[in-house]
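For reference, the structure discussed in these notes is given below.
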Amino acid sequence: MAHYLSAAALVASAALTAAAPAAKGDFSIDQVSKGSFYKSGPLAMAKTYSKYAKHGAVMPENVSIAATAASTGSVSASPESYDESYLIPVSIGGTTFHLDLDTGSSDLWVFSTQQPASQRSGHTAYKQTGTKKSGYTWNISYGDGSGAKGDVYVDKVVVGGVTATSQAVEAATSVSSSFTSDTDNDGLIGAAFSSINTVSPQQQLTFFDNVKNSLSQKLFAARLRYHTAGTYDYGYIDSSKYSGSIHYVPVNTANGFWEFTASGVSGSSIADTGTTLLYIPDSNVDAYYANVDSASYDSSQGGYTFDCDESLPDWTVTIGSGSITVPGEYINFAPVSGNTCFGGIQSSDGIGFNIFGDIFLKATYTVFDQTQSSPRLGFAQG
Ligand SMILES: CNCc1ccc(Oc2cccnc2)o1
């Protein structure tokens, strides 16, 4: 869990130390005007003590602890049936909601008591504990045809011990039927870029954008797993969760997504934790299922299906200087009827870009990285 100490107290104590009369080997720390405080006082203090370590400055333990503890966190990512989506516990105004962390969208919305009781039956509903942003509304549609809309509040949101004290919380007044029927899911927490947030008249920041300056490193990392719980790490990379090296590629943020280029897969691709399957061009899909004897395109199911008992080949892709292999087992998504199963690899033709969704991401440790002058994605074999 993250812990916060008063930044002002920490900075003030340093300032008092600096006022002591100078002696050989002593050092002085320039006091900063209030206007130039870092967003994370403990982290600023830690940097100052580190800077002057060569002059004998010894970092007090409370600064070291605060600077470390205040800026990392990790939260469980639990799969729904067949890994359809992965839900994380999120505290909003002191109530815990189970939300779908979606790197393909940028709204944090929850079921709310403003919806008809029948529409929110079985869900945890937000009771508007925050401050209403009068006149603000939101309305979002997802790639699978689902959607939701409502109004906007500001409240305290905690994910894995990382806190956004004033997060825009989008409370639903109406959601589409597939959300109502998925009673495990209380809403979404978007983690794409805030440029595609749907709040009007003024777009709001994502949770990550609100907390990133307080993190040890401006990044979060997804370790989704096959048929078991994984994690999202905030502010640090956990080297126990992947093998080999993390290979980074540049991100194009023009469309608001974590958009990148994969070798051998034509067109742009997005890393999208909120999409269940792996959508790539027809040519790649046809080439994959050519090696699955019982596979065929079933227009009634809207995709490739095959015999559930057939052993599937792995799928390997090169991204930047690294390669990721998705085990064949992961590509058997779910039964559709009898002993016929639906493929985890399907066509992106008609979408406009490829979607590296959960079928792919659960084979990786993926780093959503804003530590550099421009955003980048890091992929390692999970
Ligand atoms: C399954 N439909 C409801 C639902 C759950 C999560 C989402 O959101 C999505 C859907 C597709 C792509 N990205 C986010 O919709």
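Identifiers in this document derive from the order of the structure tokens: chains are assigned A, B, ..., residues are numbered from 1 separately in each chain, and ligands are numbered from 1 in order of occurrence.
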
Test item: residues at most 12 Å from Val336 in chain A, only C-alpha atoms, excluding those fewer than 5 positions along its chain, as a PDB file with all heavy atoms, in the first residue's frame:
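Saved file part.pdb follows:
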ATOM      1  N   TYR A  82     -13.693 -17.526 -19.294  1.00  0.00           N
ATOM      2  CA  TYR A  82     -12.968 -17.585 -20.581  1.00  0.00           C
ATOM      3  C   TYR A  82     -12.062 -16.374 -20.820  1.00  0.00           C
ATOM      4  O   TYR A  82     -11.767 -16.019 -21.956  1.00  0.00           O
ATOM      5  CB  TYR A  82     -13.951 -17.759 -21.733  1.00  0.00           C
ATOM      6  CG  TYR A  82     -14.733 -19.061 -21.654  1.00  0.00           C
ATOM      7  CD1 TYR A  82     -16.103 -19.050 -21.370  1.00  0.00           C
ATOM      8  CD2 TYR A  82     -14.096 -20.291 -21.808  1.00  0.00           C
ATOM      9  CE1 TYR A  82     -16.809 -20.236 -21.257  1.00  0.00           C
ATOM     10  CE2 TYR A  82     -14.798 -21.476 -21.708  1.00  0.00           C
ATOM     11  CZ  TYR A  82     -16.154 -21.448 -21.430  1.00  0.00           C
ATOM     12  OH  TYR A  82     -16.851 -22.628 -21.323  1.00  0.00           O
ATOM     13  N   ASP A 298     -16.844 -19.430 -40.093  1.00  0.00           N
ATOM     14  CA  ASP A 298     -18.271 -19.685 -39.919  1.00  0.00           C
ATOM     15  C   ASP A 298     -18.997 -18.351 -39.849  1.00  0.00           C
ATOM     16  O   ASP A 298     -18.962 -17.664 -38.816  1.00  0.00           O
ATOM     17  CB  ASP A 298     -18.493 -20.483 -38.619  1.00  0.00           C
ATOM     18  CG  ASP A 298     -19.977 -20.780 -38.379  1.00  0.00           C
ATOM     19  OD1 ASP A 298     -20.824 -20.156 -39.046  1.00  0.00           O
ATOM     20  OD2 ASP A 298     -20.253 -21.616 -37.500  1.00  0.00           O
ATOM     21  N   SER A 300     -21.975 -17.634 -39.574  1.00  0.00           N
ATOM     22  CA  SER A 300     -23.041 -17.541 -38.559  1.00  0.00           C
ATOM     23  C   SER A 300     -22.453 -17.183 -37.195  1.00  0.00           C
ATOM     24  O   SER A 300     -23.127 -16.593 -36.342  1.00  0.00           O
ATOM     25  CB  SER A 300     -23.780 -18.886 -38.463  1.00  0.00           C
ATOM     26  OG  SER A 300     -22.950 -19.848 -37.816  1.00  0.00           O
ATOM     27  N   GLN A 301     -21.195 -17.538 -36.980  1.00  0.00           N
ATOM     28  CA  GLN A 301     -20.550 -17.181 -35.705  1.00  0.00           C
ATOM     29  C   GLN A 301     -19.719 -15.894 -35.833  1.00  0.00           C
ATOM     30  O   GLN A 301     -19.240 -15.357 -34.853  1.00  0.00           O
ATOM     31  CB  GLN A 301     -19.623 -18.318 -35.252  1.00  0.00           C
ATOM     32  CG  GLN A 301     -20.354 -19.602 -34.892  1.00  0.00           C
ATOM     33  CD  GLN A 301     -21.199 -19.446 -33.625  1.00  0.00           C
ATOM     34  OE1 GLN A 301     -21.014 -18.512 -32.843  1.00  0.00           O
ATOM     35  NE2 GLN A 301     -22.142 -20.368 -33.444  1.00  0.00           N
ATOM     36  N   GLY A 302     -19.502 -15.493 -37.132  1.00  0.00           N
ATOM     37  CA  GLY A 302     -18.730 -14.263 -37.360  1.00  0.00           C
ATOM     38  C   GLY A 302     -17.248 -14.431 -37.161  1.00  0.00           C
ATOM     39  O   GLY A 302     -16.546 -13.491 -36.784  1.00  0.00           O
ATOM     40  N   GLY A 303     -16.751 -15.662 -37.391  1.00  0.00           N
ATOM     41  CA  GLY A 303     -15.308 -15.844 -37.282  1.00  0.00           C
ATOM     42  C   GLY A 303     -14.901 -17.283 -37.492  1.00  0.00           C
ATOM     43  O   GLY A 303     -15.734 -18.154 -37.795  1.00  0.00           O
ATOM     44  N   TYR A 304     -13.614 -17.543 -37.371  1.00  0.00           N
ATOM     45  CA  TYR A 304     -13.081 -18.904 -37.516  1.00  0.00           C
ATOM     46  C   TYR A 304     -13.462 -19.739 -36.291  1.00  0.00           C
ATOM     47  O   TYR A 304     -13.341 -19.273 -35.146  1.00  0.00           O
ATOM     48  CB  TYR A 304     -11.568 -18.853 -37.652  1.00  0.00           C
ATOM     49  CG  TYR A 304     -11.067 -18.694 -39.060  1.00  0.00           C
ATOM     50  CD1 TYR A 304     -10.881 -17.428 -39.616  1.00  0.00           C
ATOM     51  CD2 TYR A 304     -10.766 -19.808 -39.831  1.00  0.00           C
ATOM     52  CE1 TYR A 304     -10.412 -17.289 -40.919  1.00  0.00           C
ATOM     53  CE2 TYR A 304     -10.290 -19.678 -41.134  1.00  0.00           C
ATOM     54  CZ  TYR A 304     -10.118 -18.415 -41.671  1.00  0.00           C
ATOM     55  OH  TYR A 304      -9.649 -18.272 -42.967  1.00  0.00           O
ATOM     56  N   THR A 305     -13.910 -20.953 -36.553  1.00  0.00           N
ATOM     57  CA  THR A 305     -14.152 -21.935 -35.492  1.00  0.00           C
ATOM     58  C   THR A 305     -13.411 -23.222 -35.861  1.00  0.00           C
ATOM     59  O   THR A 305     -12.952 -23.390 -36.994  1.00  0.00           O
ATOM     60  CB  THR A 305     -15.657 -22.243 -35.350  1.00  0.00           C
ATOM     61  OG1 THR A 305     -16.126 -22.819 -36.584  1.00  0.00           O
ATOM     62  CG2 THR A 305     -16.446 -20.977 -35.027  1.00  0.00           C
ATOM     63  N   PHE A 306     -13.284 -24.104 -34.872  1.00  0.00           N
ATOM     64  CA  PHE A 306     -12.578 -25.377 -35.071  1.00  0.00           C
ATOM     65  C   PHE A 306     -13.038 -26.353 -33.996  1.00  0.00           C
ATOM     66  O   PHE A 306     -13.729 -25.972 -33.049  1.00  0.00           O
ATOM     67  CB  PHE A 306     -11.055 -25.167 -35.012  1.00  0.00           C
ATOM     68  CG  PHE A 306     -10.638 -24.243 -33.911  1.00  0.00           C
ATOM     69  CD1 PHE A 306     -10.571 -24.671 -32.590  1.00  0.00           C
ATOM     70  CD2 PHE A 306     -10.349 -22.894 -34.191  1.00  0.00           C
ATOM     71  CE1 PHE A 306     -10.225 -23.796 -31.572  1.00  0.00           C
ATOM     72  CE2 PHE A 306      -9.990 -22.024 -33.165  1.00  0.00           C
ATOM     73  CZ  PHE A 306      -9.932 -22.481 -31.858  1.00  0.00           C
ATOM     74  N   ASP A 307     -12.606 -27.615 -34.159  1.00  0.00           N
ATOM     75  CA  ASP A 307     -12.932 -28.653 -33.195  1.00  0.00           C
ATOM     76  C   ASP A 307     -12.187 -28.351 -31.878  1.00  0.00           C
ATOM     77  O   ASP A 307     -10.972 -28.160 -31.872  1.00  0.00           O
ATOM     78  CB  ASP A 307     -12.463 -30.000 -33.763  1.00  0.00           C
ATOM     79  CG  ASP A 307     -12.925 -31.166 -32.898  1.00  0.00           C
ATOM     80  OD1 ASP A 307     -12.560 -31.154 -31.689  1.00  0.00           O
ATOM     81  OD2 ASP A 307     -13.642 -32.047 -33.404  1.00  0.00           O
ATOM     82  N   CYS A 308     -12.945 -28.352 -30.771  1.00  0.00           N
ATOM     83  CA  CYS A 308     -12.348 -27.981 -29.478  1.00  0.00           C
ATOM     84  C   CYS A 308     -11.181 -28.880 -29.096  1.00  0.00           C
ATOM     85  O   CYS A 308     -10.312 -28.494 -28.319  1.00  0.00           O
ATOM     86  CB  CYS A 308     -13.408 -28.018 -28.375  1.00  0.00           C
ATOM     87  SG  CYS A 308     -14.721 -26.809 -28.591  1.00  0.00           S
ATOM     88  N   CYS A 341     -15.308 -24.786 -31.132  1.00  0.00           N
ATOM     89  CA  CYS A 341     -14.739 -23.673 -30.362  1.00  0.00           C
ATOM     90  C   CYS A 341     -14.424 -22.477 -31.260  1.00  0.00           C
ATOM     91  O   CYS A 341     -14.191 -22.620 -32.464  1.00  0.00           O
ATOM     92  CB  CYS A 341     -13.468 -24.135 -29.654  1.00  0.00           C
ATOM     93  SG  CYS A 341     -13.784 -25.040 -28.109  1.00  0.00           S
ATOM     94  N   PHE A 342     -14.419 -21.305 -30.675  1.00  0.00           N
ATOM     95  CA  PHE A 342     -14.215 -20.042 -31.383  1.00  0.00           C
ATOM     96  C   PHE A 342     -12.761 -19.607 -31.227  1.00  0.00           C
ATOM     97  O   PHE A 342     -12.201 -19.672 -30.125  1.00  0.00           O
ATOM     98  CB  PHE A 342     -15.142 -18.962 -30.829  1.00  0.00           C
ATOM     99  CG  PHE A 342     -15.286 -17.751 -31.714  1.00  0.00           C
ATOM    100  CD1 PHE A 342     -16.080 -17.801 -32.850  1.00  0.00           C
ATOM    101  CD2 PHE A 342     -14.637 -16.562 -31.409  1.00  0.00           C
ATOM    102  CE1 PHE A 342     -16.231 -16.681 -33.674  1.00  0.00           C
ATOM    103  CE2 PHE A 342     -14.794 -15.434 -32.216  1.00  0.00           C
ATOM    104  CZ  PHE A 342     -15.582 -15.499 -33.348  1.00  0.00           C
ATOM    105  N   GLY A 343     -12.166 -19.184 -32.316  1.00  0.00           N
ATOM    106  CA  GLY A 343     -10.743 -18.827 -32.309  1.00  0.00           C
ATOM    107  C   GLY A 343     -10.446 -17.516 -31.614  1.00  0.00           C
ATOM    108  O   GLY A 343     -11.238 -16.566 -31.676  1.00  0.00           O
TER     109      GLY A 343
END

Select from chain A every residue with an atom at most 8 Å from any atom of ligand 1, then for each give the shortest pair of atoms and their distance in Å to one decimal, using only C-alpha atoms and all ligand atoms, rows by chain and rising number, as CSV.
residue,atom,partner,partner_atom_place_in_ligand_line,distance
A:Glu84,CA,ligand 1,1 (C),7.8
A:Ser85,CA,ligand 1,6 (C),6.9
A:Asp100,CA,ligand 1,6 (C),6.5
A:Asp102,CA,ligand 1,14 (C),6.2
A:Gly104,CA,ligand 1,13 (N),5.8
A:Ser105,CA,ligand 1,14 (C),6.8
A:Tyr142,CA,ligand 1,10 (C),5.0
A:Gly143,CA,ligand 1,11 (C),4.7
A:Asp144,CA,ligand 1,11 (C),4.8
A:Gly145,CA,ligand 1,2 (N),7.4
A:Ser146,CA,ligand 1,2 (N),5.3
A:Gly147,CA,ligand 1,15 (O),7.0
A:Ser176,CA,ligand 1,3 (C),7.8
A:Ser178,CA,ligand 1,3 (C),4.9
A:Phe179,CA,ligand 1,3 (C),4.9
A:Asp182,CA,ligand 1,3 (C),7.4
A:Asn185,CA,ligand 1,5 (C),7.5
A:Gly187,CA,ligand 1,6 (C),7.8
A:Leu188,CA,ligand 1,6 (C),7.1
A:Asp272,CA,ligand 1,13 (N),7.2
A:Thr273,CA,ligand 1,13 (N),7.7
A:Gly274,CA,ligand 1,13 (N),4.3
A:Thr275,CA,ligand 1,12 (C),4.3
A:Thr276,CA,ligand 1,11 (C),7.4

Q) Which residues, written as a PyMOL selection string, have at least one atom at most 9 Å from Gly352 in chain A, with only C-alpha atoms counted and residues fewer than 4 positions away on the same chain left out? A) chain A and resi 267-268+348

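When only C-alpha atoms are used to measure the gap to Asp282 in chain A, the shortest distance among A:Thr163, A:Ser337, A:Ser121, A:Ser266 belongs to A:Ser266.
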
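For range 192-277 of chain A, a DSSP pass over the backbone yields strand (DSSP E) at Leu219, Phe220, Ala221, Ala222, Arg223, Leu224, Arg225, Thr228, Ala229, Gly230, Thr231, Tyr232, Asp233, Tyr234, Ser243, Gly244, Ser245, Ile246, His247, Tyr248, Val249, Pro250, Glu259, Phe260, Ser269, Ile270 and Ala271 of chain A.
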
Can those selected residues be exported to a file as a compact mmCIF listing (two decimals), in the first residue's frame so that it contains N, CA, C and O atoms?
# COMPACT_ATOMS: atom_id res chain seq x y z
N LEU A 219 4.98 5.00 -15.49
CA LEU A 219 4.61 3.84 -16.29
C LEU A 219 3.66 2.93 -15.53
O LEU A 219 3.57 3.01 -14.30
N PHE A 220 2.94 2.09 -16.25
CA PHE A 220 2.23 0.96 -15.63
C PHE A 220 2.45 -0.24 -16.52
O PHE A 220 2.78 -0.09 -17.71
N ALA A 221 2.34 -1.43 -15.94
CA ALA A 221 2.66 -2.65 -16.69
C ALA A 221 1.57 -3.69 -16.46
O ALA A 221 1.12 -3.91 -15.34
N ALA A 222 1.18 -4.34 -17.55
CA ALA A 222 0.12 -5.35 -17.52
C ALA A 222 0.71 -6.75 -17.58
O ALA A 222 1.52 -7.05 -18.46
N ARG A 223 0.32 -7.58 -16.61
CA ARG A 223 0.68 -9.00 -16.64
C ARG A 223 -0.64 -9.78 -16.52
O ARG A 223 -1.00 -10.22 -15.44
N LEU A 224 -1.40 -9.80 -17.63
CA LEU A 224 -2.60 -10.62 -17.66
C LEU A 224 -2.18 -12.07 -17.86
O LEU A 224 -1.12 -12.33 -18.45
N ARG A 225 -3.02 -13.01 -17.36
CA ARG A 225 -2.63 -14.41 -17.46
C ARG A 225 -3.77 -15.27 -17.97
O ARG A 225 -4.95 -14.87 -17.91
N THR A 228 -6.24 -17.33 -15.06
CA THR A 228 -5.89 -17.10 -13.65
C THR A 228 -5.59 -15.63 -13.47
O THR A 228 -5.41 -14.90 -14.45
N ALA A 229 -5.54 -15.18 -12.21
CA ALA A 229 -5.35 -13.75 -11.94
C ALA A 229 -3.92 -13.32 -12.25
O ALA A 229 -2.96 -14.03 -11.97
N GLY A 230 -3.82 -12.13 -12.79
CA GLY A 230 -2.52 -11.48 -13.03
C GLY A 230 -2.49 -10.18 -12.26
O GLY A 230 -3.15 -10.05 -11.22
N THR A 231 -1.74 -9.22 -12.78
CA THR A 231 -1.58 -7.94 -12.09
C THR A 231 -1.42 -6.79 -13.07
O THR A 231 -1.03 -6.97 -14.22
N TYR A 232 -1.68 -5.59 -12.56
CA TYR A 232 -1.20 -4.34 -13.17
C TYR A 232 -0.28 -3.70 -12.15
O TYR A 232 -0.67 -3.53 -10.97
N ASP A 233 0.96 -3.38 -12.57
CA ASP A 233 1.92 -2.71 -11.69
C ASP A 233 1.95 -1.24 -12.05
O ASP A 233 2.01 -0.88 -13.23
N TYR A 234 1.97 -0.38 -11.04
CA TYR A 234 2.05 1.08 -11.27
C TYR A 234 3.38 1.62 -10.75
O TYR A 234 3.74 1.38 -9.59
N SER A 243 10.28 -13.16 -18.82
CA SER A 243 11.59 -13.75 -19.11
C SER A 243 12.26 -12.94 -20.21
O SER A 243 11.61 -12.17 -20.93
N GLY A 244 13.55 -13.07 -20.33
CA GLY A 244 14.28 -12.34 -21.37
C GLY A 244 14.24 -10.84 -21.10
O GLY A 244 14.14 -10.38 -19.96
N SER A 245 14.29 -10.06 -22.19
CA SER A 245 14.33 -8.59 -22.07
C SER A 245 13.00 -7.97 -22.51
O SER A 245 12.24 -8.58 -23.25
N ILE A 246 12.81 -6.73 -22.03
CA ILE A 246 11.68 -5.93 -22.51
C ILE A 246 12.16 -5.20 -23.75
O ILE A 246 13.21 -4.54 -23.73
N HIS A 247 11.42 -5.31 -24.85
CA HIS A 247 11.78 -4.62 -26.09
C HIS A 247 10.78 -3.50 -26.33
O HIS A 247 9.56 -3.74 -26.34
N TYR A 248 11.27 -2.30 -26.52
CA TYR A 248 10.42 -1.11 -26.63
C TYR A 248 10.23 -0.67 -28.08
O TYR A 248 11.14 -0.80 -28.90
N VAL A 249 9.02 -0.19 -28.35
CA VAL A 249 8.71 0.39 -29.66
C VAL A 249 8.01 1.73 -29.45
O VAL A 249 7.34 1.94 -28.42
N PRO A 250 8.16 2.65 -30.41
CA PRO A 250 7.51 3.96 -30.26
C PRO A 250 5.99 3.85 -30.38
O PRO A 250 5.47 2.93 -31.01
N GLU A 259 -0.72 2.96 -29.74
CA GLU A 259 -0.66 2.48 -31.13
C GLU A 259 0.78 2.28 -31.57
O GLU A 259 1.63 3.13 -31.33
N PHE A 260 1.03 1.15 -32.18
CA PHE A 260 2.40 0.78 -32.55
C PHE A 260 2.39 -0.03 -33.84
O PHE A 260 1.33 -0.32 -34.41
N SER A 269 -1.35 -1.11 -35.08
CA SER A 269 -1.90 -2.01 -34.07
C SER A 269 -2.03 -1.25 -32.77
O SER A 269 -1.26 -0.33 -32.50
N ILE A 270 -3.01 -1.64 -31.95
CA ILE A 270 -3.13 -1.03 -30.62
C ILE A 270 -3.04 -2.12 -29.55
O ILE A 270 -3.50 -3.25 -29.76
N ALA A 271 -2.46 -1.77 -28.42
CA ALA A 271 -2.41 -2.66 -27.25
C ALA A 271 -3.64 -2.35 -26.42
O ALA A 271 -3.77 -1.23 -25.90

Write out as a tab-separated table (two decimals) with N, CA, C and O atoms, in the first residue's frame each polymer residue whose atoms come within 10 Å of range 284-290 of chain A, counting only C-alpha atoms; drop sequence neighbours fewer than 4 positions from it.
chain	number	residue	atom	x	y	z
A	264	GLY	N	5.42	-7.79	-39.93
A	264	GLY	CA	4.70	-8.91	-40.54
A	264	GLY	C	3.20	-8.83	-40.35
A	264	GLY	O	2.45	-9.73	-40.73
A	265	VAL	N	2.74	-7.74	-39.70
A	265	VAL	CA	1.31	-7.51	-39.51
A	265	VAL	C	1.01	-6.14	-40.10
A	265	VAL	O	1.41	-5.13	-39.52
A	266	SER	N	0.34	-6.12	-41.25
A	266	SER	CA	0.19	-4.83	-41.95
A	266	SER	C	-0.73	-3.89	-41.17
A	266	SER	O	-1.62	-4.34	-40.43
A	278	LEU	N	-7.53	-11.26	-30.30
A	278	LEU	CA	-6.41	-10.72	-31.09
A	278	LEU	C	-6.91	-10.58	-32.53
A	278	LEU	O	-7.25	-11.59	-33.18
A	279	TYR	N	-7.01	-9.34	-32.98
A	279	TYR	CA	-7.56	-9.05	-34.31
A	279	TYR	C	-6.43	-8.58	-35.23
A	279	TYR	O	-5.81	-7.54	-34.98
A	280	ILE	N	-6.15	-9.37	-36.29
A	280	ILE	CA	-5.08	-9.06	-37.25
A	280	ILE	C	-5.62	-9.22	-38.67
A	280	ILE	O	-6.71	-9.76	-38.86
A	294	SER	N	-9.28	-28.66	-38.66
A	294	SER	CA	-10.74	-28.60	-38.53
A	294	SER	C	-11.27	-27.17	-38.59
A	294	SER	O	-12.47	-26.94	-38.39
A	295	ALA	N	-10.38	-26.18	-38.88
A	295	ALA	CA	-10.82	-24.78	-38.84
A	295	ALA	C	-11.52	-24.38	-40.13
A	295	ALA	O	-11.16	-24.81	-41.22
A	296	SER	N	-12.53	-23.51	-39.96
A	296	SER	CA	-13.18	-22.88	-41.11
A	296	SER	C	-13.82	-21.59	-40.66
A	296	SER	O	-14.11	-21.41	-39.46
A	297	TYR	N	-14.05	-20.69	-41.63
A	297	TYR	CA	-14.72	-19.44	-41.31
A	297	TYR	C	-16.22	-19.71	-41.25
A	297	TYR	O	-16.82	-20.20	-42.21
A	304	TYR	N	-13.61	-17.54	-37.37
A	304	TYR	CA	-13.08	-18.90	-37.52
A	304	TYR	C	-13.46	-19.74	-36.29
A	304	TYR	O	-13.34	-19.27	-35.15
A	305	THR	N	-13.91	-20.95	-36.55
A	305	THR	CA	-14.15	-21.94	-35.49
A	305	THR	C	-13.41	-23.22	-35.86
A	305	THR	O	-12.95	-23.39	-36.99
A	306	PHE	N	-13.28	-24.10	-34.87
A	306	PHE	CA	-12.58	-25.38	-35.07
A	306	PHE	C	-13.04	-26.35	-34.00
A	306	PHE	O	-13.73	-25.97	-33.05
A	312	LEU	N	-3.72	-26.64	-31.21
A	312	LEU	CA	-3.50	-25.45	-32.04
A	312	LEU	C	-2.02	-25.06	-32.07
A	312	LEU	O	-1.32	-25.17	-31.06
A	313	PRO	N	-1.55	-24.54	-33.21
A	313	PRO	CA	-0.16	-24.05	-33.28
A	313	PRO	C	0.02	-22.76	-32.49
A	313	PRO	O	-0.93	-22.00	-32.31
A	314	ASP	N	1.23	-22.50	-32.03
A	314	ASP	CA	1.56	-21.21	-31.41
A	314	ASP	C	1.50	-20.13	-32.50
A	314	ASP	O	1.55	-20.42	-33.69
A	315	TRP	N	1.41	-18.84	-32.04
A	315	TRP	CA	1.48	-17.72	-32.97
A	315	TRP	C	2.57	-16.79	-32.47
A	315	TRP	O	2.53	-16.36	-31.31
A	343	GLY	N	-12.17	-19.18	-32.32
A	343	GLY	CA	-10.74	-18.83	-32.31
A	343	GLY	C	-10.45	-17.52	-31.61
A	343	GLY	O	-11.24	-16.57	-31.68
A	345	ILE	N	-7.84	-15.74	-32.45
A	345	ILE	CA	-7.30	-14.89	-33.52
A	345	ILE	C	-8.42	-14.71	-34.55
A	345	ILE	O	-8.99	-15.72	-35.02
A	346	GLN	N	-8.77	-13.47	-34.84
A	346	GLN	CA	-9.82	-13.17	-35.79
A	346	GLN	C	-9.41	-11.97	-36.64
A	346	GLN	O	-8.38	-11.33	-36.37
A	347	SER	N	-10.21	-11.66	-37.66
A	347	SER	CA	-9.84	-10.63	-38.63
A	347	SER	C	-10.06	-9.20	-38.13
A	347	SER	O	-11.11	-8.89	-37.54
A	348	SER	N	-9.07	-8.36	-38.41
A	348	SER	CA	-9.19	-6.93	-38.10
A	348	SER	C	-9.70	-6.14	-39.31
A	348	SER	O	-9.89	-4.93	-39.21

(Q) Let's see if you can do this: from backbone DSSP, list all alpha helix (DSSP H) residues in range 107-298 of chain A, as number ranges by chain. (A) A: 177-181, 207-211, 282-289

Store the residues picked out above, limited to N, CA, C and O atoms, as a compact mmCIF listing (two decimals), in the first residue's frame.
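Saved result, part_25.txt, follows:
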# COMPACT_ATOMS: atom_id res chain seq x y z
N SER A 177 -27.27 -3.27 -22.65
CA SER A 177 -27.70 -4.52 -22.01
C SER A 177 -26.53 -5.45 -21.68
O SER A 177 -26.58 -6.15 -20.65
N SER A 178 -25.48 -5.45 -22.51
CA SER A 178 -24.39 -6.41 -22.22
C SER A 178 -23.65 -6.03 -20.95
O SER A 178 -23.05 -6.87 -20.28
N PHE A 179 -23.69 -4.74 -20.57
CA PHE A 179 -23.11 -4.35 -19.28
C PHE A 179 -24.02 -4.80 -18.14
O PHE A 179 -23.56 -5.35 -17.13
N THR A 180 -25.32 -4.56 -18.30
CA THR A 180 -26.25 -4.98 -17.24
C THR A 180 -26.12 -6.47 -16.96
O THR A 180 -26.09 -6.90 -15.80
N SER A 181 -25.97 -7.28 -18.02
CA SER A 181 -25.97 -8.75 -17.83
C SER A 181 -24.63 -9.25 -17.29
O SER A 181 -24.57 -10.34 -16.73
N PHE A 207 -7.06 8.12 -14.78
CA PHE A 207 -6.42 7.87 -13.47
C PHE A 207 -4.90 7.92 -13.61
O PHE A 207 -4.21 8.58 -12.82
N PHE A 208 -4.37 7.25 -14.64
CA PHE A 208 -2.91 7.22 -14.80
C PHE A 208 -2.37 8.62 -15.02
O PHE A 208 -1.37 9.01 -14.40
N ASP A 209 -3.05 9.42 -15.85
CA ASP A 209 -2.58 10.79 -16.06
C ASP A 209 -2.62 11.59 -14.76
O ASP A 209 -1.76 12.43 -14.52
N ASN A 210 -3.60 11.33 -13.89
CA ASN A 210 -3.68 12.05 -12.62
C ASN A 210 -2.59 11.65 -11.65
O ASN A 210 -2.17 12.47 -10.82
N VAL A 211 -2.11 10.40 -11.69
CA VAL A 211 -1.15 9.93 -10.67
C VAL A 211 0.27 9.82 -11.20
O VAL A 211 1.22 9.69 -10.41
N ASP A 282 -6.75 -10.21 -42.46
CA ASP A 282 -7.22 -11.48 -43.04
C ASP A 282 -6.07 -12.40 -43.45
O ASP A 282 -6.09 -13.60 -43.16
N SER A 283 -5.06 -11.81 -44.12
CA SER A 283 -3.97 -12.66 -44.65
C SER A 283 -3.27 -13.40 -43.52
O SER A 283 -2.94 -14.59 -43.64
N ASN A 284 -3.06 -12.72 -42.40
CA ASN A 284 -2.41 -13.37 -41.25
C ASN A 284 -3.33 -14.41 -40.60
O ASN A 284 -2.89 -15.49 -40.17
N VAL A 285 -4.63 -14.08 -40.57
CA VAL A 285 -5.60 -15.00 -39.96
C VAL A 285 -5.71 -16.28 -40.80
O VAL A 285 -5.64 -17.39 -40.26
N ASP A 286 -5.85 -16.10 -42.10
CA ASP A 286 -5.98 -17.27 -43.00
C ASP A 286 -4.72 -18.14 -42.91
O ASP A 286 -4.80 -19.37 -42.84
N ALA A 287 -3.55 -17.48 -42.86
CA ALA A 287 -2.30 -18.25 -42.79
C ALA A 287 -2.24 -19.05 -41.49
O ALA A 287 -1.75 -20.19 -41.47
N TYR A 288 -2.75 -18.48 -40.40
CA TYR A 288 -2.71 -19.21 -39.13
C TYR A 288 -3.62 -20.44 -39.16
O TYR A 288 -3.18 -21.56 -38.88
N TYR A 289 -4.89 -20.23 -39.58
CA TYR A 289 -5.85 -21.34 -39.51
C TYR A 289 -5.66 -22.37 -40.62
O TYR A 289 -6.22 -23.48 -40.54

Q: Record the distance separating CA of Thr206 in chain A and CA of Gly256 in chain A, expressed in Å with one decimal.
A: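 Spanning CA of Thr206 in chain A to CA of Gly256 in chain A is a straight-line distance of 11.8 Å.
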
Within 10 Å of range 368-376 of chain A: each range 76-193 of chain A residue with its shortest pair, only C-alpha atoms, as CSV:
residue,atom,partner,partner_atom,distance
A:Thr103,CA,A:Phe368,CA,9.0
A:Ala191,CA,A:Phe368,CA,9.2
A:Ala192,CA,A:Phe368,CA,9.4

Keeping C-alpha atoms, export the residues of the selection given above as an mmCIF file, in the first residue's frame.
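Written file, again-v5.cif:
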data_model
loop_
_atom_site.group_PDB
_atom_site.id
_atom_site.type_symbol
_atom_site.label_atom_id
_atom_site.label_comp_id
_atom_site.auth_asym_id
_atom_site.auth_seq_id
_atom_site.Cartn_x
_atom_site.Cartn_y
_atom_site.Cartn_z
ATOM 1 C CA THR A 103 -6.019 0.580 -22.314
ATOM 2 C CA ALA A 191 -5.941 3.855 -19.551
ATOM 3 C CA ALA A 192 -5.552 5.104 -23.109
#
